[in-house]
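Single-structure report; data block below.
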Amino acid sequence: MRPTSRIALATLTVAFLAPATRVDAQGANASASIEAARETLARETWVRPPDVIARLVTAPRHLNVSLTQPSPDRRHFLKEQSEGLPSVTAFGKPHLYFGGLQVDPAANRARSLTTRGAAGLSLIDATTGASTTIETPRGATVSGSSWSPDGRQLAYVANFETASHVFVADVATRKSIQVTKTPLLATLVTSVDWTADGRSIVAVLLPEQRAPQPVKPPVATGPQVRVWTESKPSPQRNFASLLEEPFDMALMEWFVTGQLAVIDVKTRAVRKVGTPAMISAVDASPDGQYFRVTTMQKPFSYIVQYSSFGSNSEVWDASGKVLATIEKRPLREAPDSAAGGRAGGEGSRRGLAWMPTGPGMYYLASEASARGDSGNATPAGGRAAGAGGRGGAGGGNANRPDRLIRWSAPFGTADTATLYRHTGPMSGVLFTDDAKMVFAAATSNGQGEIFGVRLDEPTKRYTVIRQRGYTPALGAGGRGGRGGAAGDDTLAFYNNPGTLMTRRGSSGGQVVMLSSDSTVFLRGTQYFRDYLQHAPREFVDRVDIRTGTKSRLFEGPVDAWESVTAPLDDDFSKAIVVRESSTEVGNSWLRDFRSGTSTRLTSNTDLTPEYTRAIRKRVTVTRPDGISFVVRVTLPADYREGTRLPGMFWLYPYEYTSQAEYDRTLRTENVNRFPQGGTRTIEYLATQGYVVANFDPPIIGESGRMNDNYVADLRMNLYSVIDELDRQGWIDRSRLGIGGHSYGAFTTANALVHTPFFKAGIAGDGMYNRTLTPVGFQSERRDLWDGQGTYLEMSPMLYADQMQGALLMYHGMEDQNVGTAPISSIRMMQALRAQGKNSALYMYPYEDHGPATAETLLDLWGRWTAWLDIYVKNAGSRPAKIVQ
């Protein structure tokens with residue numbers, strides 16, 4: 001357990017040497033600008049960037065509306081109202097870490113509910129776009145909102161300063177009432193569930209007879225102990241915020257032990273279910289009489305995070321009695337034990353979930369397992385979510401038939417009945433809302449198929465899709481099948497039939513959307529080989545399951561991107577369609593497919609016009625070895641042709657085995673999307689007179705050994721980009737900066753020590769010494785001892801004496817990312833200072849892997865622009881010596 005401290009501002013370490021400045025007619029102004037920038041960099045209070053960048057960073061993006069979270073009757077959409085960027089005040093509230101679990105101890109909840117809650121709720125009419133506000137309690141943020149099954153009520157978690165409570169809002173009156181008297185325990189289970197009748201809420205509460213909070217001994221009772229006596233190795237990566245001592249374990253157990261309860265919404269009566277336990281997941285049956293409960297189990301660990309702790313998944317009755325054990329997962333301290341304890345293949349119930357209507361559960365099992373109906377089960381995400389999940393691997397024997405089985409109370413080994421038997425394995429199933437028909441995904445002899453079966457006529461199959469090379473997908477609404485994923489170079493990628501569309505069922509979960517005339521719908525995206533001339537186009541097809549006839553219902557235009565986000569009825573007569581283009585902000589429209597009319601529902605606007613107006617170029621760069629890659633260049637809006645400007649590169653490398661593998665990553669590019677600027681969009685520097693080049697430099701080599709070429713390929717990539725942008729006449733190659741975040745930060749430091757091209761770098765949340773990640777990083781699967789030469793060559797701290805440019809580093813002091821511990825930046829700063837290199841390090845309190853608060857973001861941009869003004873914009877004009 002790691003308590004946080006209240007550090008008010010960024011921890012600052014700066015080492016300055018006198019920069020080489022440009023000498024020209026404006027030398028006096030440049031000197032004044034440099035002095036102001038130096039003052040900004042040395043300031044130990046929050047700083048701000050130039051006004052235009054501050055506006056871009058803090059643009060009120062939350063005011064633009066996306067129509068998500070439709071009500072079950074599809075008459076309204078729920079919008080969680082935000083107040084914009086979170087503040088350091090919220091992030092700075094005391095919090096604890098327990099092996100990756102972040103807890104707000106004052107309120108007994110996950111820290112994210114304290115830092116990220118919504119300011120309120122509003123309802124948006126699905127036909128007019130009119131918005132009305134839901135009454136929420138003052139002094140609380142809102143999270144975990146959930147529609148009742150009939151759509152007449154909304155449940156949500158109200159997060160007060162010292163407690164979280166369940167509130168329920170009446171959709172008709174827009175009024176809310178508090179349902180819970182005892183606060184929630186929202187550390188692991190952070191939302192609530194409805195029973196199918198809409199009368200009760202299922203939640204985890206603080207135990208009534210809660211034991212006193214453990215108190216840390218005033219004096220240590222012994223050393224911290226780490227012992228490994230297992231015969232097999234455990235090459236774990238560098239996890240953050242691990243438990244450190246027995247007190248941490250005791251305190252964690254106290255903060256995650258809660259009481260499962262069913263609360264009557266009208267009377268607020270509480271029915272306890274079982275005794276307090278370390279409950280990490282709850283899935284109630286539609287009638288609220290049975291519960292699928294996952295509990296965290298001891299022993300805990302000092303070497304892995306809580307997600308790898310042991311767990312039991314069980315079926316409980318209304319009294320809390322364990323009726324069946326679905327799965328027992330032991331503590332997983334070795335990477336190869338990630339699936340330890342799960343029975344797979346023949347001995348498993350796959351995709352276990354509650355029936356969409358009526359009592360009991362369902363699952364898939366291979367023929368041998370189904371005979372005895374024994375074995376463990378893999379947890380499913382939610383009620384009626386589809387056996388096998390999103391059409392993924394079901395885990396059954398590839399040659400044996402699968403059965404769809406119904407498991408009824410009291411959930412003994414004999415309480416089963418076969419609903420359907422397939423001739424081969426099924427990777428997933430989804431029911432219709434009345435559970436009279438089931439749709440299955442299967443693959444046989446290279447043919448992917450989705451077909452339907454009426455359970456009262458199981459011998460007859462209704463084919464929806466059957467296509468060679470197609471990976472059938474069943475999912476929540478679907479975005480377009482996996483007809484050849486981006487990394488799968490097959491014809492199926494360009495002949496994608498789509499994904500079977502679903503909707504929320506009357507009891508919750510997802511069910512197949514079946515029209516009144518026995519039609520189902522497939523939604524997908526059509527991609528083209530010449531994607532720059534022919535942008536991707538979304539489509540929706542109707543399939544009459546009686547005849548197999550397919551017809552196109554919707555197809556996006558050629559000059560814009562349109563996407564169906566929510567059908568408003570099962571016949572697909574009306575739907576919400578979002579339309580945007582390269583010059584048009586995305587807005588939601590009500591599309592009537594019978595009349596062909598469209599009604600605009602939202603009035604979203606361009607909130608970052610200074611960014612949008614910038615000039616964008618897409619450049620293909622070819623290296624001396626023939627490898628080509630794409631660079632996205634942004635020029636100032638008022639750029640005059642032939643003017644050479646200072647340049648800023650922003651990069652994040654990826655590894656490939658060939659040119660073809662890299663090219664496949666480009667196939668989903670969509671030139672019809674509106675340019676979206678975020679809080680750290682580096683292209684904002686174009687407003688400051690920079691040419692910005694954003695790209696992912698390819699590292700290409702033999703599979704498993706690509707990083708043997710990392711330094712050589714990086715050098716060649718950068719040289720080629722500089723040469724091309726110089727040839728275009730855009731950049732002054734004597735004034736170049738480079739930057740990146742995370743692995744991009746690591747690459748930035750490598751660029752500065754292995755090339756002479758850059759005057760300055762910006763590196764955030766990076767790792768600069770690969771001996772601190774000795775068992776692998778990114779796609780590198782060799783450990784330090786197998787790939788020692790590569791690890792050392794890729795460690796820029798070991799070459800700190802060779803650094804060519806001035807390096808600004810920043811790091812979140814609570815970085816939880818695997819492999820980017822803040823100590824890396826601290827030691828890199830120490831090395832650079834020891835070598836007399838221009839450098840700075842800003843350590844940001846309360847921040848994780850990537851800055852989030854308004855204060856931190858503005859401070860970063862203020863220091864970035866100051867750093868680049870000194871070392872790049874006003875750098876000496878003598879070009880760096882280019883070495884190929």
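Scheme for the structure tokens: letters A, B, ... for chains in order shown; per-chain residue numbers from 1; ligand numbers from 1 in order shown.
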
Do you know which residues are at most 7 Å from range 766-775 of chain A counting only C-alpha atoms, after dropping those on the same chain fewer than 3 positions away, and could you put them as an NGL selection string? :A and (235-238 or 741-743 or 745-746 or 763 or 782-784 or 791-792 or 795-797 or 819-820 or 824-825 or 828)

What residues in range 37-282 of chain A get the DSSP label strand (DSSP E or B)? Please answer as a compact mmCIF listing (two decimals) with N, CA, C and O atoms, in the first residue's frame.
```txt
# COMPACT_ATOMS: atom_id res chain seq x y z
N PRO A 70 -28.64 4.48 -25.10
CA PRO A 70 -30.07 4.58 -25.37
C PRO A 70 -30.89 3.87 -24.30
O PRO A 70 -30.45 2.88 -23.71
N HIS A 76 -35.02 7.70 -25.54
CA HIS A 76 -34.12 8.70 -24.99
C HIS A 76 -32.67 8.19 -25.04
O HIS A 76 -32.43 6.99 -25.12
N PHE A 77 -31.79 9.15 -24.95
CA PHE A 77 -30.37 8.85 -24.73
C PHE A 77 -29.94 9.54 -23.45
O PHE A 77 -30.39 10.65 -23.14
N LEU A 78 -29.07 8.87 -22.73
CA LEU A 78 -28.57 9.43 -21.47
C LEU A 78 -27.22 10.07 -21.72
O LEU A 78 -26.34 9.48 -22.36
N LYS A 79 -27.04 11.26 -21.21
CA LYS A 79 -25.75 11.95 -21.31
C LYS A 79 -25.25 12.28 -19.92
O LYS A 79 -25.96 12.88 -19.11
N GLU A 80 -24.04 11.83 -19.62
CA GLU A 80 -23.39 12.20 -18.37
C GLU A 80 -22.68 13.53 -18.59
O GLU A 80 -21.76 13.62 -19.39
N GLN A 81 -23.12 14.53 -17.87
CA GLN A 81 -22.59 15.88 -18.05
C GLN A 81 -21.23 16.03 -17.37
O GLN A 81 -21.07 15.64 -16.22
N LEU A 96 -4.99 5.54 -1.74
CA LEU A 96 -4.10 4.43 -1.44
C LEU A 96 -3.97 3.53 -2.66
O LEU A 96 -4.89 3.45 -3.49
N TYR A 97 -2.83 2.84 -2.75
CA TYR A 97 -2.60 1.87 -3.80
C TYR A 97 -2.44 0.49 -3.18
O TYR A 97 -1.68 0.31 -2.23
N PHE A 98 -3.14 -0.48 -3.75
CA PHE A 98 -3.02 -1.87 -3.30
C PHE A 98 -2.77 -2.76 -4.52
O PHE A 98 -3.72 -3.26 -5.13
N LEU A 101 -4.73 -1.50 -7.42
CA LEU A 101 -6.06 -1.02 -7.06
C LEU A 101 -5.92 0.33 -6.37
O LEU A 101 -5.23 0.45 -5.36
N GLN A 102 -6.58 1.35 -6.91
CA GLN A 102 -6.52 2.69 -6.34
C GLN A 102 -7.80 2.96 -5.55
O GLN A 102 -8.90 2.82 -6.08
N VAL A 103 -7.65 3.36 -4.29
CA VAL A 103 -8.79 3.49 -3.38
C VAL A 103 -8.82 4.89 -2.77
O VAL A 103 -7.77 5.41 -2.33
N ASP A 104 -10.01 5.47 -2.75
CA ASP A 104 -10.26 6.67 -1.97
C ASP A 104 -10.69 6.20 -0.58
O ASP A 104 -11.83 5.77 -0.39
N ARG A 109 -14.24 3.85 -1.86
CA ARG A 109 -14.54 3.62 -3.28
C ARG A 109 -13.26 3.68 -4.11
O ARG A 109 -12.21 4.14 -3.64
N ALA A 110 -13.41 3.22 -5.35
CA ALA A 110 -12.30 3.34 -6.29
C ALA A 110 -11.97 4.81 -6.51
O ALA A 110 -12.87 5.65 -6.60
N ALA A 118 -19.10 12.31 -13.26
CA ALA A 118 -19.79 13.33 -14.04
C ALA A 118 -20.42 14.35 -13.11
O ALA A 118 -20.71 14.06 -11.95
N GLY A 120 -23.38 15.74 -13.70
CA GLY A 120 -24.82 15.60 -13.69
C GLY A 120 -25.28 14.71 -14.83
O GLY A 120 -24.47 14.13 -15.56
N LEU A 121 -26.61 14.59 -15.00
CA LEU A 121 -27.19 13.74 -16.02
C LEU A 121 -28.24 14.53 -16.81
O LEU A 121 -28.92 15.40 -16.26
N SER A 122 -28.38 14.20 -18.06
CA SER A 122 -29.45 14.79 -18.87
C SER A 122 -29.99 13.74 -19.82
O SER A 122 -29.30 12.77 -20.18
N LEU A 123 -31.24 13.91 -20.22
CA LEU A 123 -31.90 13.04 -21.18
C LEU A 123 -32.07 13.77 -22.49
O LEU A 123 -32.45 14.95 -22.52
N ILE A 124 -31.79 13.09 -23.59
CA ILE A 124 -31.92 13.67 -24.91
C ILE A 124 -32.97 12.88 -25.68
O ILE A 124 -32.88 11.65 -25.79
N ASP A 125 -33.99 13.57 -26.17
CA ASP A 125 -35.06 12.94 -26.92
C ASP A 125 -34.53 12.39 -28.24
O ASP A 125 -33.84 13.08 -28.99
N SER A 131 -33.01 18.35 -24.94
CA SER A 131 -32.32 17.88 -23.75
C SER A 131 -32.99 18.40 -22.49
O SER A 131 -33.38 19.58 -22.43
N THR A 132 -33.15 17.54 -21.51
CA THR A 132 -33.68 17.94 -20.20
C THR A 132 -32.77 17.38 -19.13
O THR A 132 -32.18 16.31 -19.28
N THR A 133 -32.68 18.10 -18.03
CA THR A 133 -31.75 17.75 -16.96
C THR A 133 -32.42 16.85 -15.93
O THR A 133 -33.56 17.09 -15.53
N ILE A 134 -31.70 15.82 -15.52
CA ILE A 134 -32.13 14.95 -14.43
C ILE A 134 -31.64 15.56 -13.11
O ILE A 134 -30.47 15.96 -13.00
N THR A 141 -20.70 13.91 -7.34
CA THR A 141 -20.53 13.58 -8.75
C THR A 141 -21.30 12.30 -9.03
O THR A 141 -21.74 11.60 -8.12
N VAL A 142 -21.44 11.99 -10.30
CA VAL A 142 -22.29 10.88 -10.72
C VAL A 142 -21.48 9.88 -11.53
O VAL A 142 -20.65 10.26 -12.35
N SER A 143 -21.73 8.58 -11.30
CA SER A 143 -21.07 7.54 -12.07
C SER A 143 -21.97 6.32 -12.14
O SER A 143 -22.96 6.22 -11.41
N GLY A 144 -21.62 5.38 -13.00
CA GLY A 144 -22.30 4.09 -13.05
C GLY A 144 -23.77 4.16 -13.36
O GLY A 144 -24.55 3.34 -12.85
N SER A 145 -24.21 5.08 -14.20
CA SER A 145 -25.63 5.21 -14.50
C SER A 145 -26.12 3.99 -15.29
O SER A 145 -25.41 3.45 -16.14
N SER A 146 -27.35 3.58 -14.99
CA SER A 146 -27.89 2.35 -15.57
C SER A 146 -29.40 2.46 -15.72
O SER A 146 -30.10 2.79 -14.76
N TRP A 147 -29.91 2.16 -16.93
CA TRP A 147 -31.34 2.17 -17.18
C TRP A 147 -32.01 0.98 -16.49
O TRP A 147 -31.45 -0.13 -16.47
N GLN A 153 -36.86 4.25 -15.29
CA GLN A 153 -36.04 4.73 -14.19
C GLN A 153 -34.56 4.66 -14.55
O GLN A 153 -34.16 3.91 -15.45
N LEU A 154 -33.79 5.44 -13.83
CA LEU A 154 -32.34 5.43 -13.98
C LEU A 154 -31.71 5.26 -12.60
O LEU A 154 -32.05 5.99 -11.68
N ALA A 155 -30.83 4.30 -12.48
CA ALA A 155 -30.06 4.18 -11.25
C ALA A 155 -28.66 4.74 -11.50
O ALA A 155 -28.12 4.62 -12.60
N TYR A 156 -28.11 5.37 -10.49
CA TYR A 156 -26.75 5.86 -10.62
C TYR A 156 -26.11 5.94 -9.23
O TYR A 156 -26.79 5.90 -8.20
N VAL A 157 -24.79 6.04 -9.24
CA VAL A 157 -24.03 6.18 -8.00
C VAL A 157 -23.71 7.65 -7.81
O VAL A 157 -23.13 8.29 -8.69
N ALA A 158 -24.12 8.19 -6.66
CA ALA A 158 -23.79 9.57 -6.30
C ALA A 158 -22.61 9.55 -5.35
O ALA A 158 -22.68 8.95 -4.26
N ASN A 159 -21.54 10.18 -5.76
CA ASN A 159 -20.29 10.15 -5.00
C ASN A 159 -20.11 11.44 -4.21
O ASN A 159 -19.76 12.48 -4.76
N SER A 164 -20.43 6.95 -1.05
CA SER A 164 -21.16 6.79 -2.31
C SER A 164 -22.49 6.12 -2.02
O SER A 164 -22.55 5.14 -1.28
N HIS A 165 -23.57 6.66 -2.62
CA HIS A 165 -24.90 6.11 -2.42
C HIS A 165 -25.57 5.88 -3.76
O HIS A 165 -25.23 6.52 -4.77
N VAL A 166 -26.58 4.98 -3.75
CA VAL A 166 -27.36 4.72 -4.95
C VAL A 166 -28.56 5.65 -4.97
O VAL A 166 -29.30 5.75 -3.98
N PHE A 167 -28.74 6.33 -6.10
CA PHE A 167 -29.93 7.14 -6.33
C PHE A 167 -30.67 6.58 -7.53
O PHE A 167 -30.06 5.99 -8.44
N VAL A 168 -31.98 6.76 -7.54
CA VAL A 168 -32.81 6.34 -8.66
C VAL A 168 -33.62 7.54 -9.12
O VAL A 168 -34.28 8.21 -8.31
N ALA A 169 -33.58 7.82 -10.42
CA ALA A 169 -34.32 8.93 -11.01
C ALA A 169 -35.52 8.41 -11.77
O ALA A 169 -35.43 7.39 -12.48
N ASP A 170 -36.63 9.10 -11.63
CA ASP A 170 -37.84 8.81 -12.40
C ASP A 170 -37.75 9.57 -13.72
O ASP A 170 -37.62 10.80 -13.73
N SER A 176 -34.94 12.61 -8.48
CA SER A 176 -34.14 11.51 -7.95
C SER A 176 -34.42 11.30 -6.47
O SER A 176 -34.70 12.26 -5.74
N ILE A 177 -34.33 10.04 -6.04
CA ILE A 177 -34.42 9.71 -4.62
C ILE A 177 -33.23 8.85 -4.23
O ILE A 177 -32.69 8.10 -5.05
N GLN A 178 -32.79 8.98 -3.00
CA GLN A 178 -31.71 8.15 -2.48
C GLN A 178 -32.30 6.81 -2.06
O GLN A 178 -33.29 6.74 -1.34
N LEU A 184 -22.30 2.53 -0.20
CA LEU A 184 -21.71 1.47 -1.02
C LEU A 184 -20.28 1.20 -0.62
O LEU A 184 -19.56 2.10 -0.17
N ALA A 186 -17.52 0.59 -2.91
CA ALA A 186 -17.34 0.68 -4.36
C ALA A 186 -15.88 0.62 -4.75
O ALA A 186 -15.44 1.32 -5.66
N ASP A 193 -26.78 -3.09 -10.32
CA ASP A 193 -27.51 -3.88 -11.30
C ASP A 193 -29.00 -3.85 -10.95
O ASP A 193 -29.37 -3.71 -9.78
N TRP A 194 -29.84 -3.96 -11.97
CA TRP A 194 -31.29 -4.02 -11.77
C TRP A 194 -31.77 -5.46 -11.83
O TRP A 194 -31.22 -6.28 -12.56
N SER A 200 -35.96 -3.72 -7.92
CA SER A 200 -34.86 -3.83 -6.96
C SER A 200 -33.52 -3.53 -7.61
O SER A 200 -33.34 -3.69 -8.82
N ILE A 201 -32.60 -3.11 -6.75
CA ILE A 201 -31.21 -2.83 -7.14
C ILE A 201 -30.31 -3.82 -6.42
O ILE A 201 -30.50 -4.12 -5.23
N VAL A 202 -29.33 -4.34 -7.14
CA VAL A 202 -28.33 -5.23 -6.55
C VAL A 202 -27.04 -4.43 -6.39
O VAL A 202 -26.56 -3.83 -7.36
N ALA A 203 -26.49 -4.43 -5.18
CA ALA A 203 -25.31 -3.62 -4.91
C ALA A 203 -24.46 -4.27 -3.83
O ALA A 203 -24.89 -5.20 -3.14
N VAL A 204 -23.25 -3.75 -3.68
CA VAL A 204 -22.35 -4.18 -2.60
C VAL A 204 -22.23 -3.02 -1.62
O VAL A 204 -21.82 -1.91 -2.01
N LEU A 205 -22.58 -3.27 -0.36
CA LEU A 205 -22.61 -2.24 0.67
C LEU A 205 -21.48 -2.43 1.66
O LEU A 205 -20.87 -3.51 1.74
N GLY A 258 -17.09 -6.51 1.37
CA GLY A 258 -18.39 -5.86 1.38
C GLY A 258 -19.54 -6.84 1.48
O GLY A 258 -19.36 -8.06 1.38
N GLN A 259 -20.73 -6.28 1.66
CA GLN A 259 -21.96 -7.06 1.83
C GLN A 259 -22.81 -6.98 0.58
O GLN A 259 -23.26 -5.91 0.18
N LEU A 260 -23.07 -8.13 -0.06
CA LEU A 260 -23.98 -8.17 -1.19
C LEU A 260 -25.40 -7.98 -0.68
O LEU A 260 -25.81 -8.57 0.32
N ALA A 261 -26.18 -7.14 -1.40
CA ALA A 261 -27.53 -6.85 -0.93
C ALA A 261 -28.46 -6.56 -2.11
O ALA A 261 -28.02 -6.11 -3.17
N VAL A 262 -29.75 -6.84 -1.90
CA VAL A 262 -30.80 -6.48 -2.84
C VAL A 262 -31.66 -5.42 -2.16
O VAL A 262 -32.15 -5.63 -1.05
N ILE A 263 -31.84 -4.28 -2.82
CA ILE A 263 -32.53 -3.13 -2.21
C ILE A 263 -33.81 -2.85 -2.98
O ILE A 263 -33.78 -2.65 -4.20
N ASP A 264 -34.93 -2.84 -2.28
CA ASP A 264 -36.20 -2.50 -2.88
C ASP A 264 -36.24 -1.00 -3.16
O ASP A 264 -36.08 -0.18 -2.25
N VAL A 270 -33.71 -3.53 2.66
CA VAL A 270 -32.46 -4.19 2.27
C VAL A 270 -32.53 -5.67 2.62
O VAL A 270 -32.83 -6.03 3.77
N ARG A 271 -32.27 -6.52 1.62
CA ARG A 271 -32.16 -7.96 1.87
C ARG A 271 -30.71 -8.36 1.66
O ARG A 271 -30.19 -8.31 0.54
N LYS A 272 -30.06 -8.76 2.76
CA LYS A 272 -28.66 -9.17 2.66
C LYS A 272 -28.57 -10.53 1.98
O LYS A 272 -29.41 -11.41 2.19
N VAL A 273 -27.53 -10.69 1.20
CA VAL A 273 -27.27 -11.95 0.53
C VAL A 273 -25.93 -12.48 1.03
O VAL A 273 -24.88 -11.92 0.70
N GLY A 274 -25.97 -13.51 1.86
CA GLY A 274 -24.74 -14.08 2.38
C GLY A 274 -24.07 -13.18 3.40
O GLY A 274 -24.67 -12.23 3.93
N THR A 275 -22.82 -13.48 3.67
CA THR A 275 -22.02 -12.73 4.62
C THR A 275 -21.00 -11.90 3.87
O THR A 275 -20.72 -12.14 2.69
N PRO A 276 -20.41 -10.90 4.53
CA PRO A 276 -19.42 -10.07 3.83
C PRO A 276 -18.28 -10.89 3.23
O PRO A 276 -17.81 -11.87 3.84
N ALA A 277 -17.85 -10.50 2.06
CA ALA A 277 -16.78 -11.21 1.35
C ALA A 277 -16.05 -10.21 0.47
O ALA A 277 -16.51 -9.08 0.25
N ILE A 279 -15.84 -9.28 -2.60
CA ILE A 279 -16.60 -9.45 -3.84
C ILE A 279 -16.01 -8.55 -4.93
O ILE A 279 -15.93 -7.34 -4.77
N SER A 280 -15.64 -9.17 -6.04
CA SER A 280 -15.05 -8.41 -7.14
C SER A 280 -15.98 -8.30 -8.34
O SER A 280 -15.75 -7.46 -9.22
N ALA A 281 -17.03 -9.12 -8.41
CA ALA A 281 -17.98 -9.04 -9.52
C ALA A 281 -19.29 -9.70 -9.09
O ALA A 281 -19.28 -10.68 -8.36
N VAL A 282 -20.41 -9.14 -9.57
CA VAL A 282 -21.73 -9.67 -9.28
C VAL A 282 -22.56 -9.64 -10.55
O VAL A 282 -22.57 -8.62 -11.25
```

Where does DSSP see helix (DSSP H, G or I) in range 637-779 of chain A, if you list the residues as a ChimeraX atom specification? /A:659-664,682-688,706-727,743-754,770-772

Let me make sure I understand: among A:Asp73, A:Glu253, A:Asp859, A:Glu780, which one has the smallest atom-to-atom distance to Tyr842 in chain A if we use only C-alpha atoms? A:Asp859

Could you tell me how far CA of Ala441 in chain A lies from CA of Tyr462 in chain A, in Å and to one decimal?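 Result for CA of Ala441 in chain A versus CA of Tyr462 in chain A: 12.1 Å, one decimal.
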
Measure the distance from CA of Gln816 in chain A to CA of Ile762 in chain A in Å and round it to one decimal.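 Going from CA of Gln816 in chain A over to CA of Ile762 in chain A, I get 20.5 Å.
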
Report, in Å with one decimal, the straight-line distance from CA of Leu858 in chain A to CA of Leu807 in chain A. 19.2 Å

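Checking A:Gly776, A:Gly198, A:Pro299, A:Gly84 one by one against Val57 in chain A, counting only C-alpha atoms, you find the shortest gap at A:Gly84.
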
Given only C-alpha atoms as the counted atoms, nearest of A:Arg400, A:Arg735, A:Arg268, A:Lys216 to Pro246 in chain A: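 Checking each of A:Arg400, A:Arg735, A:Arg268, A:Lys216 against Pro246 in chain A, counting only C-alpha atoms, the winner is A:Lys216.
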
Which residues come within 9 Å of Gly99 in chain A, counting only C-alpha atoms, excluding same-chain residues fewer than 5 positions away, as a list in words?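 Listing them by chain and then by number gives Met1, Phe239, Ala240, Ser241, Leu242, Leu243, Glu244, Ser301, Tyr302, Ile303, Val304, Gln305, Tyr306 and Ser307 of chain A.
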
Limited to N, CA, C and O atoms, could you put the picked residues into a file as an mmCIF file, in the first residue's frame?
```cif
data_model
loop_
_atom_site.group_PDB
_atom_site.id
_atom_site.type_symbol
_atom_site.label_atom_id
_atom_site.label_comp_id
_atom_site.auth_asym_id
_atom_site.auth_seq_id
_atom_site.Cartn_x
_atom_site.Cartn_y
_atom_site.Cartn_z
ATOM 1 N N MET A 1 0.858 -1.188 0.000
ATOM 2 C CA MET A 1 0.000 0.000 0.000
ATOM 3 C C MET A 1 0.887 1.227 0.000
ATOM 4 O O MET A 1 1.812 1.338 0.782
ATOM 5 N N PHE A 239 5.656 -4.275 -12.312
ATOM 6 C CA PHE A 239 4.350 -3.762 -11.920
ATOM 7 C C PHE A 239 4.510 -2.635 -10.903
ATOM 8 O O PHE A 239 5.389 -2.669 -10.046
ATOM 9 N N ALA A 240 3.602 -1.667 -11.000
ATOM 10 C CA ALA A 240 3.639 -0.529 -10.090
ATOM 11 C C ALA A 240 2.794 -0.813 -8.852
ATOM 12 O O ALA A 240 1.900 -1.645 -8.858
ATOM 13 N N SER A 241 3.092 -0.105 -7.782
ATOM 14 C CA SER A 241 2.312 -0.055 -6.543
ATOM 15 C C SER A 241 1.970 -1.431 -5.986
ATOM 16 O O SER A 241 0.832 -1.696 -5.601
ATOM 17 N N LEU A 242 2.930 -2.328 -5.943
ATOM 18 C CA LEU A 242 2.703 -3.651 -5.372
ATOM 19 C C LEU A 242 2.562 -3.567 -3.855
ATOM 20 O O LEU A 242 3.042 -2.629 -3.210
ATOM 21 N N LEU A 243 1.886 -4.561 -3.288
ATOM 22 C CA LEU A 243 1.837 -4.662 -1.834
ATOM 23 C C LEU A 243 3.254 -4.880 -1.312
ATOM 24 O O LEU A 243 4.079 -5.539 -1.962
ATOM 25 N N GLU A 244 3.530 -4.351 -0.133
ATOM 26 C CA GLU A 244 4.910 -4.391 0.365
ATOM 27 C C GLU A 244 5.073 -5.149 1.679
ATOM 28 O O GLU A 244 6.148 -5.644 1.965
ATOM 29 N N SER A 301 -0.243 -11.314 -2.896
ATOM 30 C CA SER A 301 1.121 -11.439 -3.420
ATOM 31 C C SER A 301 1.860 -10.117 -3.362
ATOM 32 O O SER A 301 1.247 -9.045 -3.455
ATOM 33 N N TYR A 302 3.175 -10.224 -3.262
ATOM 34 C CA TYR A 302 4.046 -9.046 -3.326
ATOM 35 C C TYR A 302 4.621 -8.827 -4.722
ATOM 36 O O TYR A 302 5.279 -7.810 -4.968
ATOM 37 N N ILE A 303 4.398 -9.760 -5.652
ATOM 38 C CA ILE A 303 5.096 -9.661 -6.939
ATOM 39 C C ILE A 303 4.157 -9.478 -8.130
ATOM 40 O O ILE A 303 4.625 -9.232 -9.240
ATOM 41 N N VAL A 304 2.850 -9.631 -7.924
ATOM 42 C CA VAL A 304 1.898 -9.365 -8.995
ATOM 43 C C VAL A 304 0.788 -8.469 -8.451
ATOM 44 O O VAL A 304 0.596 -8.349 -7.240
ATOM 45 N N GLN A 305 0.052 -7.834 -9.367
ATOM 46 C CA GLN A 305 -1.028 -6.952 -8.960
ATOM 47 C C GLN A 305 -2.291 -7.747 -8.621
ATOM 48 O O GLN A 305 -2.390 -8.946 -8.894
ATOM 49 N N TYR A 306 -3.250 -7.054 -8.061
ATOM 50 C CA TYR A 306 -4.434 -7.728 -7.528
ATOM 51 C C TYR A 306 -5.224 -8.477 -8.591
ATOM 52 O O TYR A 306 -5.933 -9.445 -8.289
ATOM 53 N N SER A 307 -5.127 -8.065 -9.848
ATOM 54 C CA SER A 307 -5.840 -8.753 -10.920
ATOM 55 C C SER A 307 -5.347 -10.178 -11.119
ATOM 56 O O SER A 307 -6.023 -10.986 -11.767
#
```
